[in-house]
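Listing of my_file.cif; format and content: mmCIF, C-alpha atoms and all ligand atoms.
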data_final
#
loop_
_atom_site.label_atom_id
_atom_site.label_comp_id
_atom_site.auth_asym_id
_atom_site.auth_seq_id
_atom_site.Cartn_x
_atom_site.Cartn_y
_atom_site.Cartn_z
CA MET C 1 -27.60 -170.06 -51.69
CA GLY C 2 -30.08 -167.41 -50.76
CA ILE C 3 -30.00 -165.83 -47.37
CA ASP C 4 -32.58 -163.85 -45.51
CA LEU C 5 -31.66 -161.51 -42.76
CA GLY C 6 -35.11 -160.37 -41.82
CA ILE C 7 -34.42 -159.53 -38.23
CA LEU C 8 -30.88 -159.05 -37.12
CA ASN C 9 -30.77 -161.91 -34.63
CA TYR C 10 -29.67 -164.52 -37.13
CA ILE C 11 -29.65 -165.33 -40.79
CA HIS C 12 -31.66 -167.95 -42.57
CA THR C 13 -30.25 -169.81 -45.56
CA SER C 14 -32.25 -171.35 -48.40
CA ASP C 15 -30.83 -174.80 -47.67
CA GLY C 16 -32.62 -174.71 -44.37
CA GLU C 17 -29.98 -173.51 -41.99
CA THR C 18 -30.31 -170.80 -39.45
CA VAL C 19 -27.09 -169.22 -38.34
CA ASP C 20 -26.95 -167.93 -34.81
CA TRP C 21 -26.13 -164.36 -34.20
CA LEU C 22 -23.62 -163.53 -31.49
CA ASP C 23 -24.98 -163.50 -28.00
CA LEU C 24 -24.28 -159.95 -26.87
CA GLU C 25 -26.83 -159.79 -24.06
CA ASP C 26 -24.17 -159.38 -21.33
CA GLU C 27 -22.51 -156.55 -23.20
CA TYR C 28 -25.81 -154.77 -23.85
CA GLU C 29 -26.81 -155.20 -20.24
CA ARG C 30 -23.55 -153.63 -19.13
CA LEU C 31 -24.04 -150.78 -21.59
CA ARG C 32 -27.54 -150.08 -20.26
CA ARG C 33 -26.22 -150.11 -16.70
CA GLU C 34 -23.39 -147.68 -17.43
CA GLN C 35 -25.74 -145.42 -19.39
CA ARG C 36 -28.10 -145.32 -16.44
CA THR C 37 -25.20 -144.34 -14.20
CA LEU C 38 -24.23 -141.64 -16.69
CA SER C 39 -27.73 -140.20 -16.68
CA ARG C 40 -27.50 -139.70 -12.90
CA LYS C 41 -24.21 -137.77 -13.05
CA GLU C 42 -24.21 -134.01 -13.13
CA ASN C 43 -23.65 -132.76 -16.62
CA SER C 44 -20.05 -131.68 -17.44
CA SER C 45 -18.71 -132.66 -13.99
CA ASN C 46 -15.48 -134.68 -13.80
CA ASN C 47 -17.42 -137.77 -12.87
CA TYR C 48 -19.71 -137.25 -15.81
CA GLU C 49 -16.72 -137.06 -18.16
CA LYS C 50 -15.24 -140.24 -16.70
CA GLN C 51 -18.52 -142.09 -17.03
CA ARG C 52 -19.05 -140.84 -20.58
CA LYS C 53 -15.71 -142.36 -21.55
CA GLU C 54 -16.70 -145.63 -19.92
CA VAL C 55 -19.89 -145.76 -22.00
CA ALA C 56 -17.97 -144.94 -25.17
CA LYS C 57 -15.52 -147.74 -24.40
CA ILE C 58 -18.29 -150.33 -24.15
CA LYS C 59 -19.82 -149.11 -27.39
CA ARG C 60 -16.47 -149.44 -29.16
CA HIS C 61 -16.03 -152.92 -27.77
CA LEU C 62 -19.50 -153.91 -29.01
CA ARG C 63 -18.89 -152.50 -32.48
CA ARG C 64 -15.58 -154.33 -32.76
CA LYS C 65 -17.13 -157.60 -31.66
CA VAL C 66 -19.94 -157.30 -34.23
CA LEU C 67 -17.52 -156.40 -37.01
CA ASP C 68 -15.27 -159.31 -36.12
CA TYR C 69 -18.22 -161.69 -36.20
CA GLN C 70 -19.40 -160.32 -39.53
CA HIS C 71 -15.92 -160.92 -40.93
CA LYS C 72 -16.04 -164.54 -39.89
CA LEU C 73 -19.63 -165.01 -40.97
CA THR C 74 -18.97 -163.65 -44.48
CA THR C 75 -15.79 -165.71 -44.87
CA TRP C 76 -17.73 -168.79 -43.85
CA LEU C 77 -20.50 -168.03 -46.35
CA VAL C 78 -18.26 -167.47 -49.38
CA THR C 79 -16.13 -170.54 -48.66
CA GLU C 80 -19.17 -172.76 -48.01
CA TYR C 81 -21.18 -171.79 -51.12
CA ASP C 82 -20.51 -171.12 -54.83
CA ALA C 83 -22.89 -168.19 -55.01
CA VAL C 84 -24.54 -166.16 -52.30
CA PHE C 85 -27.68 -164.14 -52.92
CA VAL C 86 -28.78 -161.45 -50.53
CA GLU C 87 -31.70 -159.12 -50.44
CA ASP C 88 -31.18 -155.53 -51.23
CA LEU C 89 -32.04 -153.43 -48.17
CA ASP C 90 -35.55 -154.35 -47.13
CA VAL C 91 -37.01 -150.91 -46.77
CA THR C 92 -40.59 -152.01 -46.29
CA GLY C 93 -39.70 -154.39 -43.49
CA MET C 94 -37.69 -151.73 -41.77
CA LEU C 95 -40.44 -149.16 -41.93
CA GLN C 96 -42.22 -151.20 -39.32
CA GLU C 97 -39.44 -150.53 -36.82
CA ASP C 98 -38.93 -147.28 -35.00
CA GLY C 99 -36.30 -144.83 -36.26
CA ASN C 100 -33.44 -145.82 -34.02
CA ALA C 101 -33.79 -149.55 -34.56
CA ARG C 102 -34.14 -148.89 -38.27
CA ASN C 103 -30.88 -146.94 -38.43
CA LYS C 104 -29.01 -149.62 -36.54
CA HIS C 105 -30.49 -152.34 -38.72
CA ASP C 106 -29.66 -150.40 -41.85
CA ALA C 107 -26.05 -149.77 -40.83
CA ALA C 108 -25.43 -153.37 -39.79
CA TRP C 109 -26.94 -154.70 -43.00
CA ARG C 110 -24.87 -152.35 -45.17
CA GLN C 111 -21.72 -153.34 -43.35
CA PHE C 112 -22.61 -157.00 -43.78
CA ILE C 113 -23.22 -156.66 -47.53
CA THR C 114 -20.04 -154.62 -48.07
CA LEU C 115 -17.99 -157.30 -46.30
CA LEU C 116 -19.76 -160.08 -48.14
CA GLU C 117 -19.00 -158.53 -51.53
CA TYR C 118 -15.40 -157.97 -50.56
CA LYS C 119 -15.00 -161.60 -49.45
CA GLY C 120 -16.77 -162.78 -52.61
CA ASP C 121 -14.11 -161.02 -54.71
CA LEU C 122 -11.39 -162.45 -52.52
CA TYR C 123 -12.57 -166.05 -52.79
CA GLY C 124 -14.07 -165.97 -56.27
CA THR C 125 -17.64 -166.46 -55.07
CA ARG C 126 -20.54 -164.73 -56.79
CA VAL C 127 -22.37 -162.37 -54.46
CA VAL C 128 -25.57 -161.03 -55.94
CA GLN C 129 -27.99 -158.57 -54.43
CA VAL C 130 -31.56 -159.19 -55.45
CA GLU C 131 -34.55 -156.93 -55.18
CA ALA C 132 -36.20 -157.34 -51.82
CA ARG C 133 -39.68 -156.50 -53.03
CA GLY C 134 -42.11 -159.28 -52.19
CA THR C 135 -39.64 -161.76 -50.72
CA THR C 136 -41.58 -162.18 -47.53
CA LYS C 137 -45.07 -161.84 -49.01
CA GLU C 138 -44.64 -164.12 -51.98
CA CYS C 139 -45.08 -167.86 -51.69
CA ALA C 140 -41.83 -169.60 -52.71
CA GLN C 141 -43.81 -172.45 -54.22
CA CYS C 142 -46.60 -170.80 -56.23
CA GLY C 143 -45.69 -167.11 -56.24
CA VAL C 144 -49.03 -165.90 -54.86
CA GLU C 145 -48.66 -162.95 -52.50
CA SER C 146 -50.29 -162.80 -49.11
CA GLU C 147 -50.02 -160.14 -46.44
CA LYS C 148 -48.05 -161.04 -43.34
CA PRO C 149 -47.61 -158.71 -40.42
CA ILE C 150 -44.06 -158.78 -39.07
CA TRP C 151 -44.97 -160.82 -35.99
CA VAL C 152 -46.33 -163.73 -37.99
CA ARG C 153 -43.40 -166.13 -38.13
CA GLU C 154 -45.04 -168.79 -40.27
CA HIS C 155 -45.62 -168.80 -43.98
CA SER C 156 -48.86 -170.55 -44.81
CA CYS C 157 -49.98 -170.08 -48.38
CA PRO C 158 -53.74 -169.52 -48.84
CA SER C 159 -53.41 -170.54 -52.47
CA CYS C 160 -51.31 -173.74 -52.61
CA GLY C 161 -51.11 -174.65 -48.93
CA PHE C 162 -47.32 -174.49 -48.78
CA GLU C 163 -46.21 -174.07 -45.19
CA CYS C 164 -42.85 -173.22 -43.72
CA ASP C 165 -41.01 -170.75 -41.58
CA ARG C 166 -41.46 -167.15 -42.70
CA ASP C 167 -37.72 -166.52 -43.12
CA ALA C 168 -37.18 -169.87 -44.84
CA ASN C 169 -39.81 -168.89 -47.40
CA ALA C 170 -38.10 -165.53 -47.88
CA SER C 171 -34.67 -167.11 -48.33
CA LEU C 172 -36.09 -169.45 -50.98
CA ASN C 173 -37.47 -166.45 -52.85
CA VAL C 174 -34.06 -164.79 -52.61
CA LEU C 175 -32.51 -167.98 -54.01
CA GLN C 176 -34.91 -168.03 -56.96
CA SER C 177 -34.33 -164.33 -57.70
CA GLY C 178 -30.57 -164.91 -57.57
CA PHE C 179 -30.79 -167.75 -60.10
CA GLN C 180 -32.85 -165.58 -62.43
CA GLU C 181 -30.46 -162.67 -62.01
CA LEU C 182 -27.56 -164.90 -63.09
CA GLY C 183 -29.62 -166.23 -66.01
CA LEU C 184 -29.60 -169.75 -64.62
CA GLY C 185 -33.35 -170.20 -64.80
CA TRP C 186 -34.97 -171.92 -61.87
CA PRO C 187 -33.01 -173.64 -59.13
CA GLU C 188 -32.77 -177.39 -59.82
CA SER C 189 -34.95 -178.46 -56.97
CA THR C 190 -38.27 -176.82 -56.31
CA PRO C 191 -38.83 -175.71 -52.74
CA VAL C 192 -40.93 -178.75 -52.00
CA GLU C 193 -38.20 -181.17 -53.05
CA THR C 194 -35.57 -179.32 -51.10
CA ALA C 195 -35.30 -180.71 -47.62
CA LEU C 196 -37.76 -178.22 -46.46
CA PRO C 197 -37.08 -176.26 -43.44
CA THR C 198 -39.60 -177.82 -41.16
CA ASP C 199 -36.42 -179.27 -39.68
CA THR C 200 -33.91 -176.48 -39.91
CA THR C 201 -30.34 -177.04 -38.88
CA GLN C 202 -28.93 -174.60 -36.44
CA VAL C 203 -25.42 -173.39 -37.13
CA SER C 204 -23.93 -172.08 -33.93
CA ALA C 205 -22.00 -168.83 -33.75
CA LYS C 206 -19.09 -170.93 -32.48
CA ARG C 207 -18.97 -172.99 -35.65
CA VAL C 208 -19.09 -169.86 -37.79
CA ILE C 209 -16.22 -168.35 -35.83
CA GLU C 210 -14.12 -171.52 -36.18
CA ALA C 211 -14.83 -171.97 -39.90
CA GLY C 212 -14.50 -168.25 -40.61
CA SER C 213 -11.17 -168.06 -38.86
CA LEU C 214 -9.66 -170.82 -41.00
CA GLY C 215 -10.22 -168.88 -44.22
CA ALA C 216 -9.31 -165.49 -42.84
ZN ZN J 301 -48.36 -170.94 -52.54
#
Starting from the coordinates I provided, produce the structure as structure tokens.
Ligand SMILES: [Zn+2]
Amino acid sequence: MGIDLGILNYIHTSDGETVDWLDLEDEYERLRREQRTLSRKENSSNNYEKQRKEVAKIKRHLRRKVLDYQHKLTTWLVTEYDAVFVEDLDVTGMLQEDGNARNKHDAAWRQFITLLEYKGDLYGTRVVQVEARGTTKECAQCGVESEKPIWVREHSCPSCGFECDRDANASLNVLQSGFQELGLGWPESTPVETALPTDTTQVSAKRVIEAGSLGA
């Protein structure tokens, strides 16, 4: 199975599933609120110190929640599939984000891959990192590259007419690279024959947490 994690909201698998990311909006909202309060306090006053600790506490809580979810997500992936292919860090994609977002993205992705490899060892599942170059540009059906700015969410091939979701196309390319990397040739079904992600199944975060907890 190839997965694409283009933007950190969710992942997209090559068998046409999107996996929800945790909904952390409430936590982020609270963090923004407490940070605003902190910015109004006088620097190095007692109140400032107290508020700084409050902000740090929320950040810790957020980090723990994300890590916990990544644990469950990776366990779910390696128990659900025989081999999992992931893109190496997509540097080109990330260059389109500003520095801060890029660092966060980078750190979360590294943590995810480290966990995934660890779980792969644990459960005897192959985890292979494939080169990210071209995964979003290339057409999964004919291989012709076309430029796509990051906000274009559809893949529509000017050469063969193949159309699908941008991330679905990328995950299919990751799948094909993974097969080649393992010397397995081409995946059995071509993208067109695969139930193609015009109708993607949504896997809820809840299901991932339940399934991931069983194996943990
Ligand atoms: Zn094409």
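Between CA of Arg126 in chain C and CA of Ala83 in chain C the interatomic distance comes to 4.5 Å.
Going from CA of Lys59 in chain C to CA of Arg30 in chain C covers 10.1 Å.
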If the limit is 6 Å from any atom of ligand ZN 301 (chain J), counting all atoms listed in the file, which residues qualify? Return them as a list in words. Cys139, Gln141, Cys142, Gly143, Val144, Cys157, Ser159, Cys160, Gly161 and Phe162 of chain C
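Nearest residue to Ala211 in chain C, choosing from C:His71, C:Arg33, C:Arg153, C:Lys148 and counting only C-alpha atoms: C:His71.
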Smallest atom-to-atom distance to Gly2 in chain C: which of C:Gly134, C:Pro158, C:Gly124, C:Gly178, using all atoms listed in the file? C:Gly178
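Reported to one decimal place, the separation of CA of Leu172 in chain C from CA of Asp15 in chain C is 8.2 Å.
Considering all atoms listed in the file, the residue among C:Asp121, C:Glu131, C:Asp20, C:Glu34 positioned nearest to Asp82 in chain C is C:Asp121.
Among the candidates C:Asn46, C:Asp106, C:Glu87, C:Gln180, the residue lying nearest to Thr136 in chain C is C:Glu87 (atoms considered: only C-alpha atoms).
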Show me a table, sorted first by chain and then by increasing residue number, of the residues of range 32-118 of chain C having an atom at most 12 Å from range 166-171 of chain C, each with its shortest atom pair and the distance in Å to one decimal, counting all atoms listed in the file and written as a tab-separated table.
residue	atom	partner	partner_atom	distance
C:Val84	CA	C:Ser171	CA	10.9
C:Phe85	CA	C:Ser171	CA	8.9
C:Val86	CA	C:Ser171	CA	8.5
C:Glu87	CA	C:Ser171	CA	8.8
C:Asp90	CA	C:Ala170	CA	11.5
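Shortest separation to Thr13 in chain C among C:Glu163, C:Leu77, C:Ser204, C:Arg40 occurs at residue C:Leu77, atoms counted being only C-alpha atoms.
Residue nearest Ser177 in chain C within the list C:Glu138, C:Glu145, C:Ala205, C:Val19: C:Glu138 [criterion: smallest interatomic distance, all atoms listed in the file].
Residues surrounding Gln70 in chain C within 10 Å are Trp21, Leu22, Arg64, Lys65, Val66, Leu67, Asp68, Lys72, Leu73, Thr74, Thr75, Trp76, Ala108, Gln111, Phe112, Ile113, Leu115, Leu116, Val208, Ile209 and Gly212 of chain C [all atoms listed in the file; sequence separation below 2 positions excluded].
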Please save C-alpha atoms of the selected residues as an mmCIF file, keeping the file's coordinate frame.
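The new file again06.cif reads:
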data_model
loop_
_atom_site.group_PDB
_atom_site.id
_atom_site.type_symbol
_atom_site.label_atom_id
_atom_site.label_comp_id
_atom_site.auth_asym_id
_atom_site.auth_seq_id
_atom_site.Cartn_x
_atom_site.Cartn_y
_atom_site.Cartn_z
ATOM 1 C CA TRP C 21 -26.130 -164.360 -34.200
ATOM 2 C CA LEU C 22 -23.620 -163.530 -31.490
ATOM 3 C CA ARG C 64 -15.580 -154.330 -32.760
ATOM 4 C CA LYS C 65 -17.130 -157.600 -31.660
ATOM 5 C CA VAL C 66 -19.940 -157.300 -34.230
ATOM 6 C CA LEU C 67 -17.520 -156.400 -37.010
ATOM 7 C CA ASP C 68 -15.270 -159.310 -36.120
ATOM 8 C CA LYS C 72 -16.040 -164.540 -39.890
ATOM 9 C CA LEU C 73 -19.630 -165.010 -40.970
ATOM 10 C CA THR C 74 -18.970 -163.650 -44.480
ATOM 11 C CA THR C 75 -15.790 -165.710 -44.870
ATOM 12 C CA TRP C 76 -17.730 -168.790 -43.850
ATOM 13 C CA ALA C 108 -25.430 -153.370 -39.790
ATOM 14 C CA GLN C 111 -21.720 -153.340 -43.350
ATOM 15 C CA PHE C 112 -22.610 -157.000 -43.780
ATOM 16 C CA ILE C 113 -23.220 -156.660 -47.530
ATOM 17 C CA LEU C 115 -17.990 -157.300 -46.300
ATOM 18 C CA LEU C 116 -19.760 -160.080 -48.140
ATOM 19 C CA VAL C 208 -19.090 -169.860 -37.790
ATOM 20 C CA ILE C 209 -16.220 -168.350 -35.830
ATOM 21 C CA GLY C 212 -14.500 -168.250 -40.610
#
